[in-house]
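**Q** Got a file for you: upload.txt, compact mmCIF, C-alpha atoms.
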# COMPACT_ATOMS: atom_id res chain seq x y z
CA MET A 5 0.78 19.22 -25.08
CA GLN A 6 -0.47 22.79 -24.58
CA ALA A 7 2.35 24.06 -26.80
CA LEU A 8 1.27 21.72 -29.61
CA TRP A 9 -2.47 22.25 -29.11
CA GLY A 10 -1.84 25.95 -29.65
CA ARG A 11 -0.55 25.30 -33.20
CA ALA A 12 -2.52 24.48 -36.30
CA ALA A 13 0.41 22.70 -37.98
CA GLU A 14 3.23 20.41 -36.96
CA ALA A 15 6.12 21.71 -34.93
CA SER A 16 9.78 20.79 -34.61
CA VAL A 17 11.60 20.56 -31.28
CA ARG A 18 13.11 23.98 -31.97
CA ASP A 19 9.63 25.49 -32.65
CA VAL A 20 8.29 24.13 -29.35
CA HIS A 21 11.43 25.19 -27.47
CA GLU A 22 11.18 28.75 -28.82
CA GLY A 23 7.39 28.82 -28.31
CA LEU A 24 7.75 27.93 -24.64
CA GLY A 25 10.09 30.89 -24.22
CA SER A 26 11.32 29.53 -20.87
CA ASP A 27 14.71 28.57 -19.51
CA LEU A 28 14.11 24.88 -20.31
CA ALA A 29 17.08 23.19 -22.00
CA TYR A 30 16.65 22.21 -25.66
CA THR A 31 17.45 18.58 -24.76
CA THR A 32 14.74 18.58 -22.09
CA VAL A 33 12.10 19.66 -24.63
CA MET A 34 13.44 17.05 -27.09
CA THR A 35 13.23 14.25 -24.52
CA THR A 36 9.79 15.34 -23.34
CA LEU A 37 8.39 15.30 -26.90
CA ASP A 38 9.97 11.88 -27.45
CA ARG A 39 8.37 10.54 -24.26
CA LEU A 40 4.96 11.92 -25.28
CA TYR A 41 5.40 10.21 -28.66
CA LYS A 42 6.25 6.90 -26.93
CA LYS A 43 3.16 7.27 -24.78
CA GLY A 44 1.11 7.56 -27.98
CA LEU A 45 0.06 11.17 -27.35
CA LEU A 46 1.94 12.63 -30.32
CA GLU A 47 2.48 11.68 -33.96
CA ARG A 48 5.76 12.43 -35.66
CA ARG A 49 7.47 12.18 -39.03
CA ARG A 50 11.08 12.56 -39.95
CA GLU A 51 12.11 15.87 -41.52
CA GLY A 52 15.81 16.29 -42.21
CA ARG A 53 17.83 15.06 -39.23
CA GLY A 54 15.02 15.45 -36.76
CA PHE A 55 11.28 14.98 -36.39
CA VAL A 56 8.24 17.21 -36.54
CA TYR A 57 5.44 16.51 -34.07
CA ARG A 58 1.72 17.04 -33.79
CA ALA A 59 -0.82 16.09 -31.13
CA ARG A 60 -2.76 12.87 -31.77
CA LEU A 61 -5.57 13.84 -29.41
CA SER A 62 -7.44 17.03 -28.62
CA HIS A 63 -7.58 18.32 -25.05
CA ALA A 64 -11.09 16.85 -24.57
CA GLU A 65 -10.11 13.46 -26.04
CA LEU A 66 -7.09 13.28 -23.74
CA SER A 67 -9.21 14.09 -20.66
CA ARG A 68 -11.67 11.32 -21.57
CA GLY A 69 -8.77 8.91 -22.11
CA LEU A 70 -7.23 9.73 -18.72
CA ALA A 71 -10.55 9.10 -16.98
CA GLY A 72 -10.78 5.72 -18.75
CA ALA A 73 -7.22 4.83 -17.73
CA LEU A 74 -8.06 5.61 -14.10
CA PHE A 75 -11.05 3.25 -14.17
CA GLU A 76 -8.91 0.56 -15.81
CA SER A 77 -6.26 0.86 -13.10
CA LEU A 78 -8.98 0.68 -10.41
CA LEU A 79 -10.37 -2.45 -12.01
CA GLY A 80 -6.95 -4.07 -11.99
CA ARG A 81 -6.47 -3.98 -15.73
CA ALA A 82 -3.26 -2.01 -15.41
CA PRO A 83 -0.22 -3.07 -17.46
CA ALA A 84 2.11 -5.74 -16.10
CA PRO A 85 4.18 -4.50 -13.16
CA GLN A 86 7.72 -3.37 -13.87
CA PRO A 87 10.54 -4.94 -11.85
CA ILE A 88 12.58 -2.66 -9.61
CA LEU A 89 16.28 -2.35 -10.46
CA SER A 90 18.56 0.66 -10.76
CA GLY A 91 19.65 0.69 -14.41
CA ILE A 92 22.25 3.26 -15.39
CA VAL A 93 20.43 4.43 -18.55
CA ASP A 94 16.95 4.12 -20.02
CA ALA A 95 16.30 3.04 -23.57
CA VAL A 96 17.00 5.71 -26.15
CA SER A 97 15.02 6.38 -29.28
CA ASP A 98 16.13 7.45 -32.74
CA GLN A 99 15.46 11.02 -31.70
CA ASP A 100 17.72 10.65 -28.68
CA ARG A 101 20.52 9.45 -30.91
CA ALA A 102 20.75 12.95 -32.37
CA MET A 103 21.03 14.16 -28.79
CA LEU A 104 23.79 11.62 -28.06
CA ASP A 105 25.97 13.28 -30.76
CA GLU A 106 25.53 16.60 -28.99
CA LEU A 107 26.23 15.09 -25.56
CA GLU A 108 29.34 13.34 -26.86
CA ARG A 109 30.57 16.68 -28.21
CA LEU A 110 30.05 18.20 -24.74
CA VAL A 111 32.03 15.37 -23.10
CA ARG A 112 34.93 15.83 -25.55
CA ALA A 113 34.94 19.59 -24.97
CA LYS A 114 34.99 19.09 -21.19
CA ARG A 115 37.89 16.66 -21.40
CA ARG A 116 39.82 19.08 -23.63
CA GLU A 117 39.18 21.85 -21.11
CA LEU A 118 40.43 19.68 -18.24
CA GLN A 119 43.57 18.71 -20.18
CA GLU A 120 44.33 22.36 -21.02
CA ARG A 121 43.87 23.33 -17.38
CA GLU A 122 46.37 20.65 -16.32
CA ARG A 123 49.08 22.02 -18.65
CA MET B 11 -16.26 -7.14 19.51
CA SER B 12 -18.64 -4.72 17.84
CA TYR B 13 -16.90 -1.87 19.71
CA LEU B 14 -13.54 -2.93 18.29
CA LEU B 15 -15.11 -3.18 14.84
CA LEU B 16 -16.60 0.29 15.27
CA VAL B 17 -13.18 1.72 16.22
CA LEU B 18 -11.50 -0.14 13.33
CA LEU B 19 -14.04 1.11 10.79
CA LEU B 20 -13.79 4.67 12.11
CA GLY B 21 -9.99 4.42 11.95
CA LEU B 22 -10.03 3.18 8.36
CA ALA B 23 -12.62 5.76 7.32
CA THR B 24 -10.66 8.65 8.86
CA TYR B 25 -7.42 7.26 7.39
CA GLY B 26 -9.00 7.23 3.92
CA LEU B 27 -10.32 10.77 4.33
CA GLY B 28 -7.00 12.00 5.76
CA ALA B 29 -4.99 10.35 2.97
CA ALA B 30 -7.31 12.00 0.42
CA ALA B 31 -6.86 15.41 2.09
CA GLY B 32 -3.08 14.92 2.26
CA GLY B 33 -3.03 13.88 -1.40
CA ALA B 34 -5.01 16.99 -2.36
CA LEU B 35 -2.58 19.21 -0.43
CA LEU B 36 0.40 17.54 -2.10
CA ALA B 37 -1.19 17.78 -5.55
CA GLY B 38 -1.84 21.50 -5.01
CA ALA B 39 1.71 22.11 -3.83
CA TRP B 40 3.20 20.09 -6.71
CA ARG B 41 1.13 21.76 -9.42
CA GLY B 42 1.49 25.21 -7.89
CA SER B 43 5.21 25.24 -7.23
CA ARG B 44 7.79 25.15 -10.00
CA THR B 45 10.42 25.18 -7.27
CA LEU B 46 9.14 21.89 -5.95
CA ARG B 47 9.12 20.34 -9.42
CA GLY B 48 12.67 21.62 -9.88
CA LEU B 49 14.11 19.76 -6.87
CA SER B 50 17.27 17.89 -7.80
CA GLY B 51 20.18 15.91 -6.44
CA ALA B 52 20.42 14.13 -3.09
CA ARG B 53 18.47 16.74 -1.15
CA GLY B 54 15.75 16.69 -3.82
CA ALA B 55 15.56 12.88 -3.57
CA ARG B 56 15.14 13.06 0.21
CA TRP B 57 12.44 15.73 -0.04
CA LEU B 58 10.54 13.96 -2.81
CA LEU B 59 10.56 10.71 -0.84
CA ALA B 60 9.20 12.55 2.20
CA LEU B 61 6.61 14.38 0.08
CA ARG B 62 5.42 11.14 -1.53
CA ALA B 63 4.94 9.67 1.95
CA PHE B 64 3.01 12.78 3.05
CA PRO B 65 -0.58 11.64 2.15
CA PRO B 66 -0.47 8.29 4.04
CA VAL B 67 1.34 9.93 6.98
CA PHE B 68 -1.31 12.68 7.02
CA GLY B 69 -4.01 9.99 7.02
CA LEU B 70 -2.28 7.94 9.70
CA VAL B 71 -1.70 10.95 11.98
CA GLY B 72 -5.30 12.06 11.45
CA ALA B 73 -6.67 8.62 12.35
CA LEU B 74 -4.32 7.51 15.14
CA LEU B 75 -3.45 10.79 16.86
CA VAL B 76 -6.52 12.95 16.26
CA ALA B 77 -9.74 11.06 15.49
CA LEU B 78 -9.47 7.77 17.40
CA PRO B 79 -8.10 9.17 20.70
CA ALA B 80 -10.97 11.69 20.75
CA PHE B 81 -13.56 9.00 20.02
CA VAL B 82 -12.20 6.52 22.59
CA ALA B 83 -11.89 9.25 25.26
CA HIS B 84 -15.51 10.39 24.89
CA GLU B 85 -17.07 7.08 24.04
CA PRO B 86 -15.29 4.40 26.05
CA LEU B 87 -16.30 0.76 25.82
CA ASP B 88 -18.74 0.88 28.76
CA ARG B 89 -20.67 3.85 27.28
CA ALA B 90 -20.77 2.72 23.69
CA HIS B 91 -23.54 0.12 24.06
CA GLY B 92 -26.21 0.58 21.51
CA GLU B 93 -23.89 2.30 19.03
CA GLU B 94 -24.90 0.81 15.72
CA ILE B 95 -22.62 0.04 12.82
CA GLY B 96 -24.56 1.09 9.77
CA PRO B 97 -23.86 -0.02 6.20
CA GLY B 98 -22.63 3.49 5.39
CA LEU B 99 -19.86 3.28 7.99
CA VAL B 100 -18.90 -0.20 6.77
CA ALA B 101 -18.69 1.14 3.21
CA LEU B 102 -16.62 4.13 4.36
CA GLY B 103 -14.28 1.83 6.31
CA LEU B 104 -13.85 -0.48 3.33
CA LEU B 105 -13.21 2.52 1.10
CA GLY B 106 -10.51 3.67 3.55
CA SER B 107 -8.85 0.26 3.38
CA LEU B 108 -8.83 0.30 -0.45
CA PRO B 109 -5.59 2.32 -0.91
CA ILE B 110 -3.86 0.15 1.71
CA GLY B 111 -4.86 -3.09 -0.03
CA LEU B 112 -4.03 -1.81 -3.51
CA GLY B 113 -0.67 -0.47 -2.31
CA LEU B 114 0.21 -3.87 -0.86
CA LEU B 115 -0.85 -5.53 -4.10
CA ARG B 116 1.32 -3.18 -6.20
CA GLY B 117 4.30 -3.87 -3.91
CA LEU B 118 3.86 -7.65 -4.07
CA ARG B 119 3.52 -7.59 -7.87
CA ALA B 120 6.69 -5.49 -8.16
CA VAL B 121 8.65 -7.89 -5.92
CA SER B 122 7.40 -10.87 -7.90
CA ALA B 123 8.27 -9.25 -11.29
CA THR B 124 11.74 -8.31 -9.99
CA ARG B 125 12.41 -11.83 -8.73
CA ARG B 126 11.34 -13.34 -12.06
CA LEU B 127 13.67 -11.05 -13.98
CA GLU B 128 16.61 -11.65 -11.64
CA SER B 129 16.10 -15.42 -11.88
CA ARG B 130 16.35 -15.15 -15.68
CA TRP B 131 19.48 -13.00 -15.39
CA LYS B 132 21.10 -15.31 -12.80
CA ALA B 133 20.67 -18.19 -15.24
CA LEU B 134 22.66 -16.21 -17.84
CA ALA B 135 25.19 -14.72 -15.41
CA ARG B 136 28.83 -15.58 -14.79
CA PRO B 137 30.80 -14.24 -11.81
CA LEU B 138 32.63 -11.00 -12.43
CA ALA B 139 35.46 -9.58 -10.33
CA LEU B 140 34.86 -5.85 -9.94
CA PRO B 141 36.58 -4.83 -6.69
CA GLU B 142 35.82 -1.15 -7.37
CA ALA B 143 32.08 -1.90 -7.17
CA GLY B 144 32.27 -3.15 -3.58
CA LEU B 145 29.36 -5.47 -4.43
CA PRO B 146 28.95 -8.98 -5.78
CA ALA B 147 28.92 -8.58 -9.57
CA ALA B 148 27.85 -10.73 -12.50
CA ARG B 149 28.64 -10.60 -16.22
CA LEU B 150 25.68 -11.06 -18.57
CA ALA B 151 25.53 -12.02 -22.22
CA HIS B 152 22.62 -9.71 -22.99
CA PRO B 153 21.70 -7.74 -26.13
CA PHE B 154 20.86 -4.69 -24.04
CA PRO B 155 23.73 -2.77 -22.40
CA VAL B 156 22.66 -3.71 -18.90
CA ALA B 157 24.47 -2.00 -16.04
CA ALA B 158 21.99 -2.40 -13.23
CA LEU B 159 21.75 -3.00 -9.53
CA GLY B 160 19.41 -5.78 -8.38
CA GLY B 161 18.15 -6.72 -4.94
CA PHE B 162 16.35 -4.91 -2.15
CA ALA B 163 18.45 -6.01 0.84
CA HIS B 164 21.32 -7.97 -0.70
CA HIS B 165 22.52 -6.19 -3.81
CA ARG B 166 24.13 -7.60 -6.91
CA LEU B 167 25.52 -5.66 -9.86
CA TYR B 168 24.70 -6.97 -13.35
CA VAL B 169 26.87 -5.77 -16.22
CA ALA B 170 26.41 -6.80 -19.85
CA GLU B 171 29.49 -7.97 -21.76
CA CYS B 172 29.01 -5.25 -24.37
CA VAL B 173 29.31 -2.61 -21.61
CA LEU B 174 32.47 -4.22 -20.20
CA ASP B 175 34.00 -4.26 -23.70
CA SER B 176 33.12 -0.65 -24.51
CA LEU B 177 34.04 1.34 -21.41
CA THR B 178 37.55 2.41 -20.43
CA PRO B 179 38.72 1.33 -16.93
CA ALA B 180 38.03 4.85 -15.61
CA GLU B 181 34.53 4.89 -17.11
CA LEU B 182 33.78 1.45 -15.71
CA GLN B 183 34.99 2.57 -12.30
CA ALA B 184 32.67 5.60 -12.44
CA THR B 185 29.77 3.34 -13.48
CA CYS B 186 30.46 1.00 -10.54
CA ALA B 187 30.62 3.98 -8.18
CA HIS B 188 27.22 5.16 -9.50
CA GLU B 189 25.62 1.76 -8.82
CA HIS B 190 27.37 1.54 -5.45
CA ALA B 191 25.77 4.88 -4.53
CA HIS B 192 22.33 3.43 -5.39
CA ALA B 193 23.11 0.46 -3.13
CA ALA B 194 24.36 2.68 -0.29
CA SER B 195 21.19 4.79 -0.33
CA ARG B 196 18.98 1.68 -0.72
CA ASP B 197 17.24 3.13 -3.77
CA ASN B 198 15.66 -0.16 -4.86
CA LEU B 199 14.00 -0.52 -1.47
CA LYS B 200 12.84 3.11 -1.56
CA ALA B 201 11.43 2.56 -5.06
CA LEU B 202 9.52 -0.45 -3.74
CA LEU B 203 8.10 1.58 -0.83
CA LEU B 204 7.02 4.28 -3.27
CA ARG B 205 5.37 1.67 -5.50
CA ALA B 206 3.48 0.28 -2.48
CA CYS B 207 2.56 3.71 -1.07
CA PRO B 208 -0.90 3.15 0.50
CA ASP B 209 -2.71 6.24 -0.74
CA TRP B 210 -5.02 7.45 -3.46
CA LEU B 211 -2.21 9.03 -5.50
CA GLY B 212 -0.96 5.51 -6.29
CA LEU B 213 -4.06 5.18 -8.48
CA LEU B 214 -3.56 8.46 -10.31
CA PRO B 215 -1.10 9.65 -12.97
CA LEU B 216 0.20 12.21 -10.44
CA GLY B 217 1.47 9.36 -8.25
CA ARG B 218 3.51 7.96 -11.15
CA GLU B 219 4.74 11.48 -11.97
CA LEU B 220 6.00 11.91 -8.39
CA ASP B 221 7.65 8.47 -8.45
CA GLN B 222 9.42 9.36 -11.70
CA ALA B 223 10.50 12.71 -10.29
CA TRP B 224 12.00 10.90 -7.30
CA ALA B 225 13.72 8.36 -9.62
CA GLY B 226 15.24 11.27 -11.58
CA THR B 227 16.64 12.90 -8.46
CA ALA B 228 17.90 9.52 -7.18
CA GLU B 229 19.85 9.09 -10.45
CA GLN B 230 21.31 12.58 -10.07
CA ALA B 231 22.24 11.86 -6.44
CA ALA B 232 24.03 8.64 -7.51
CA ASP B 233 25.80 10.60 -10.28
CA ASP B 234 26.95 13.23 -7.78
CA ALA B 235 28.13 10.59 -5.29
CA ALA B 236 30.08 8.80 -8.03
CA ALA B 237 31.66 12.03 -9.30
CA ARG B 238 32.72 13.04 -5.77
CA SER B 239 33.10 16.68 -6.88
CA ASP B 240 35.97 15.59 -9.16
CA GLU B 241 35.51 17.05 -12.66
CA ALA B 242 37.56 14.33 -14.39
CA ARG B 243 35.56 11.60 -12.68
CA ALA B 244 32.32 13.39 -13.58
CA ALA B 245 33.45 13.52 -17.23
CA ASP B 246 34.23 9.77 -17.09
CA LEU B 247 30.74 9.01 -15.81
CA ALA B 248 29.15 11.33 -18.40
CA SER B 249 31.12 9.55 -21.12
CA ALA B 250 30.07 6.14 -19.73
CA LEU B 251 26.41 7.24 -19.83
CA VAL B 252 26.63 8.35 -23.46
CA LYS B 253 28.59 5.24 -24.53
CA THR B 254 26.16 2.91 -22.77
CA ALA B 255 23.19 4.70 -24.33
CA ARG B 256 24.78 4.31 -27.77
CA LEU B 257 24.96 0.54 -27.28
CA ILE B 258 21.16 0.25 -26.98
CA PRO B 259 19.89 -1.59 -30.06
CA PRO B 260 17.85 0.77 -32.31
CA GLY B 261 14.14 0.56 -31.79
CA MET B 262 14.36 -1.20 -28.41
CA GLN B 263 11.60 0.31 -26.31
CA LEU B 264 11.34 0.70 -22.56
CA THR B 265 8.74 -2.07 -22.45
CA ASP B 266 11.34 -4.47 -23.90
CA LEU B 267 13.65 -3.57 -21.06
CA PRO B 268 12.22 -4.35 -17.66
CA ALA B 269 15.56 -3.34 -16.12
CA SER B 270 14.88 0.31 -16.78
CA SER B 271 12.12 0.51 -14.23
CA LEU B 272 13.92 3.17 -12.24
CA GLN B 273 13.14 5.62 -14.99
CA GLY B 274 13.54 9.32 -14.81
CA GLY B 275 16.97 10.81 -14.75
CA GLU B 276 16.82 12.25 -18.26
CA LEU B 277 20.08 11.39 -19.93
CA GLY B 278 20.67 14.87 -21.37
CA VAL B 279 20.01 16.58 -18.08
CA ARG B 280 22.27 14.16 -16.21
CA VAL B 281 25.17 14.55 -18.65
CA GLU B 282 24.85 18.35 -18.69
CA ARG B 283 24.77 18.34 -14.89
CA LEU B 284 27.88 16.18 -14.64
CA LEU B 285 29.76 18.39 -17.08
CA GLY B 286 28.83 21.54 -15.21
CA ALA B 287 26.72 22.86 -18.10
CA ARG B 288 23.72 22.84 -15.79
CA SER B 289 23.47 24.01 -12.23
CA ARG B 290 23.68 21.32 -9.54
CA ASP B 291 21.78 23.58 -7.20
CA ASP B 292 19.33 21.47 -5.26
CA GLY B 293 16.59 24.10 -5.61
CA GLY B 294 14.36 25.64 -2.99
CA VAL B 295 12.18 23.69 -0.64
CA ALA B 296 9.68 26.32 0.49
CA ALA B 297 6.65 24.31 -0.69
CA ALA B 298 7.98 21.22 1.07
CA TRP B 299 8.18 23.17 4.31
CA LEU B 300 4.59 24.30 3.74
CA LEU B 301 3.46 20.68 3.64
CA ALA B 302 5.38 19.91 6.82
CA ALA B 303 3.63 22.88 8.42
CA SER B 304 0.22 21.55 7.33
CA LEU B 305 1.00 18.27 9.11
CA LEU B 306 1.70 20.26 12.26
CA ALA B 307 -1.51 22.25 11.68
CA LEU B 308 -3.40 18.95 11.76
CA LEU B 309 -2.08 18.35 15.27
CA ALA B 310 -2.51 21.96 16.43
CA PRO B 311 -6.19 21.56 17.47
CA LEU B 312 -5.08 19.01 20.04
CA ALA B 313 -3.39 21.80 21.98
CA VAL B 314 -6.63 23.80 22.21
CA PRO B 315 -8.78 23.00 25.31
CA GLY B 316 -12.07 21.37 24.33
CA SER B 317 -10.84 20.33 20.89
CA SER B 318 -11.26 16.67 21.77
CA GLU B 319 -15.01 17.20 22.34
CA LEU B 320 -15.33 18.98 19.02
CA ILE B 321 -13.53 16.20 17.16
CA HIS B 322 -15.73 13.61 18.86
CA ALA B 323 -18.86 15.54 17.93
CA LEU B 324 -17.70 15.67 14.30
CA LEU B 325 -17.13 11.91 14.32
CA GLU B 326 -20.59 11.37 15.77
CA GLN B 327 -22.01 13.49 12.95
CA LEU B 328 -20.09 11.36 10.47
CA VAL B 329 -21.43 8.12 11.96
CA GLN B 330 -25.01 9.52 11.97
CA LEU B 331 -24.61 10.78 8.42
CA VAL B 332 -23.65 7.43 6.98
CA ALA B 333 -25.84 5.29 9.27
Is it possible to express this structure as structure tokens?
**A**
Amino acid sequence: MQALWGRAAEASVRDVHEGLGSDLAYTTVMTTLDRLYKKGLLERRREGRGFVYRARLSHAELSRGLAGALFESLLGRAPAPQPILSGIVDAVSDQDRAMLDELERLVRAKRRELQERER
Amino acid sequence: MSYLLLVLLLGLATYGLGAAAGGALLAGAWRGSRTLRGLSGARGARWLLALRAFPPVFGLVGALLVALPAFVAHEPLDRAHGEEIGPGLVALGLLGSLPIGLGLLRGLRAVSATRRLESRWKALARPLALPEAGLPAARLAHPFPVAALGGFAHHRLYVAECVLDSLTPAELQATCAHEHAHAASRDNLKALLLRACPDWLGLLPLGRELDQAWAGTAEQAADDAAARSDEARAADLASALVKTARLIPPGMQLTDLPASSLQGGELGVRVERLLGARSRDDGGVAAAWLLAASLLALLAPLAVPGSSELIHALLEQLVQLVA
């Protein structure tokens, strides 16, 4: 959120990834932005193969919202409880589908490498 | 009777205060340490589970081993006549019982929601022979690519037909091994205990963040156990993860899928880890050791002569303050 609050305009995953300047993986930034979008904290629109994001709420608005959510949970108005099961994968979004192409390419490359090593 | 009530209220009040102090310590350590947030794999899962239990343990140790023994030693039943229970102490005691009650409620609601979902699935399920799973398994005609482990004590593996049709035998075997690892480490039961954790963090976003961090490390631990340090097996599991994720109908959100409640375990991170593109280093645990040391520090005053009197005097001040 800080990375997006620091920008006047929208930002792509690559912009945020470069702006953070850390050793975070590109896919981690992509998934985090997607999760923030699903939580309703970001807006996004498609641009090319990916999305560009911008914050829906200012820092102050988010703080007020979090305080409200805390009171709601204390008053028992929390969302319905989730069952507990160990599922192998979570739901994926349209954004993640671009990531799946990249992950599939990595799997193929690894299998090629293993085959070549066996020869 | 009123003496017992006094001890009970003092115990609950000191538990509530201790759990709050433990929660504050944990929050500080979590926010302040990137190393702690970077814990991964089986060791990370064990540490995160212990860390999440830290606030209630801190509260319990504070109440049962520090505060109440000092109070009972210096104010036994025969000398406590005339000790009044003021409304302030009652309020403080009730406040201390709040996280315990809410934790129990969260746990019961989770069990009830899980049972409802499993009943629906059992109605759709047909027996499935999966000897490699080492668990009773059921085949589901479900639009979502379910491959999930149900049950807290007696486990059952649910696999959607679309998953069975899409995975190769090796990929299916790796998937079964992953779920078997969850069963072996009793992850559903641990998730339930985390959900019911009787502390203040359960009411705050940080509590959910810690639960998700644990769920992520539990997924990684199950991935590692299934891969068994075999690169080909790890690639099979990575491929199964990507294939299963591709089967998810577009636009289906997490809220449509109650089965994904053990969230965390980012898919990209897990696949990269399995393929060796990301370090499987479990990370440092210095901050976790700091928290363990703070628990010991709580008990340290007991070793100092006269500490019991001091603790009793502080409790007296507390009772006077809220009387």
**Q** Hey, what's within 8 Å of segment 50-59 of chain A if we count only C-alpha atoms and toss same-chain stuff fewer than 5 positions away? As an mmCIF file with C-alpha atoms, in the coordinates of the input, please?
**A**
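Now in out_12.cif:
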data_model
loop_
_atom_site.group_PDB
_atom_site.id
_atom_site.type_symbol
_atom_site.label_atom_id
_atom_site.label_comp_id
_atom_site.auth_asym_id
_atom_site.auth_seq_id
_atom_site.Cartn_x
_atom_site.Cartn_y
_atom_site.Cartn_z
ATOM 1 C CA MET A 5 0.780 19.220 -25.080
ATOM 2 C CA LEU A 8 1.270 21.720 -29.610
ATOM 3 C CA TRP A 9 -2.470 22.250 -29.110
ATOM 4 C CA ALA A 13 0.410 22.700 -37.980
ATOM 5 C CA GLU A 14 3.230 20.410 -36.960
ATOM 6 C CA ALA A 15 6.120 21.710 -34.930
ATOM 7 C CA SER A 16 9.780 20.790 -34.610
ATOM 8 C CA VAL A 17 11.600 20.560 -31.280
ATOM 9 C CA LEU A 37 8.390 15.300 -26.900
ATOM 10 C CA LEU A 45 0.060 11.170 -27.350
ATOM 11 C CA GLN A 99 15.460 11.020 -31.700
ATOM 12 C CA ALA A 102 20.750 12.950 -32.370
#
**Q** Determine, for each residue of chain A having at least one atom at most 6 Å from an atom of chain B, the closest pair of atoms and their separation in Å to one decimal, counting all atoms listed in the file; order by chain and ascending number, as a tab-separated table.
**A**
residue	atom	partner	partner_atom	distance
A:Thr31	CA	B:Gly278	CA	6.0
A:Pro85	CA	B:Ala120	CA	5.7
A:Gln86	CA	B:Ser271	CA	5.9
A:Pro87	CA	B:Thr124	CA	4.0
A:Ile88	CA	B:Ser271	CA	5.6
A:Leu89	CA	B:Gly160	CA	5.1
A:Ser90	CA	B:Leu159	CA	5.0
A:Gly91	CA	B:Ala158	CA	4.1
A:Ile92	CA	B:Ala157	CA	5.7
A:Asp94	CA	B:Ser270	CA	5.4
A:Ala95	CA	B:Leu264	CA	5.6
**Q** Which value, in Å to one decimal, gives the distance between atom CA of Ser107 of chain B and atom CA of Leu46 of chain B?
**A**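 These two atoms are separated by 29.6 Å.
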**Q** State, in Å with one decimal place, the distance from atom CA of Leu204 of chain B to atom CA of Asp221 of chain B.
**A**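 About the pair atom CA of Leu204 of chain B and atom CA of Asp221 of chain B: they are 6.7 Å apart.
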**Q** Compile the contact shell of segment 143-150 of chain B as a PyMOL selection string: residues with an atom at most 7 Å away, counting only C-alpha atoms, same-chain residues fewer than 2 positions apart removed.
**A** chain B and resi 134-141+152+165-171+186-187+190
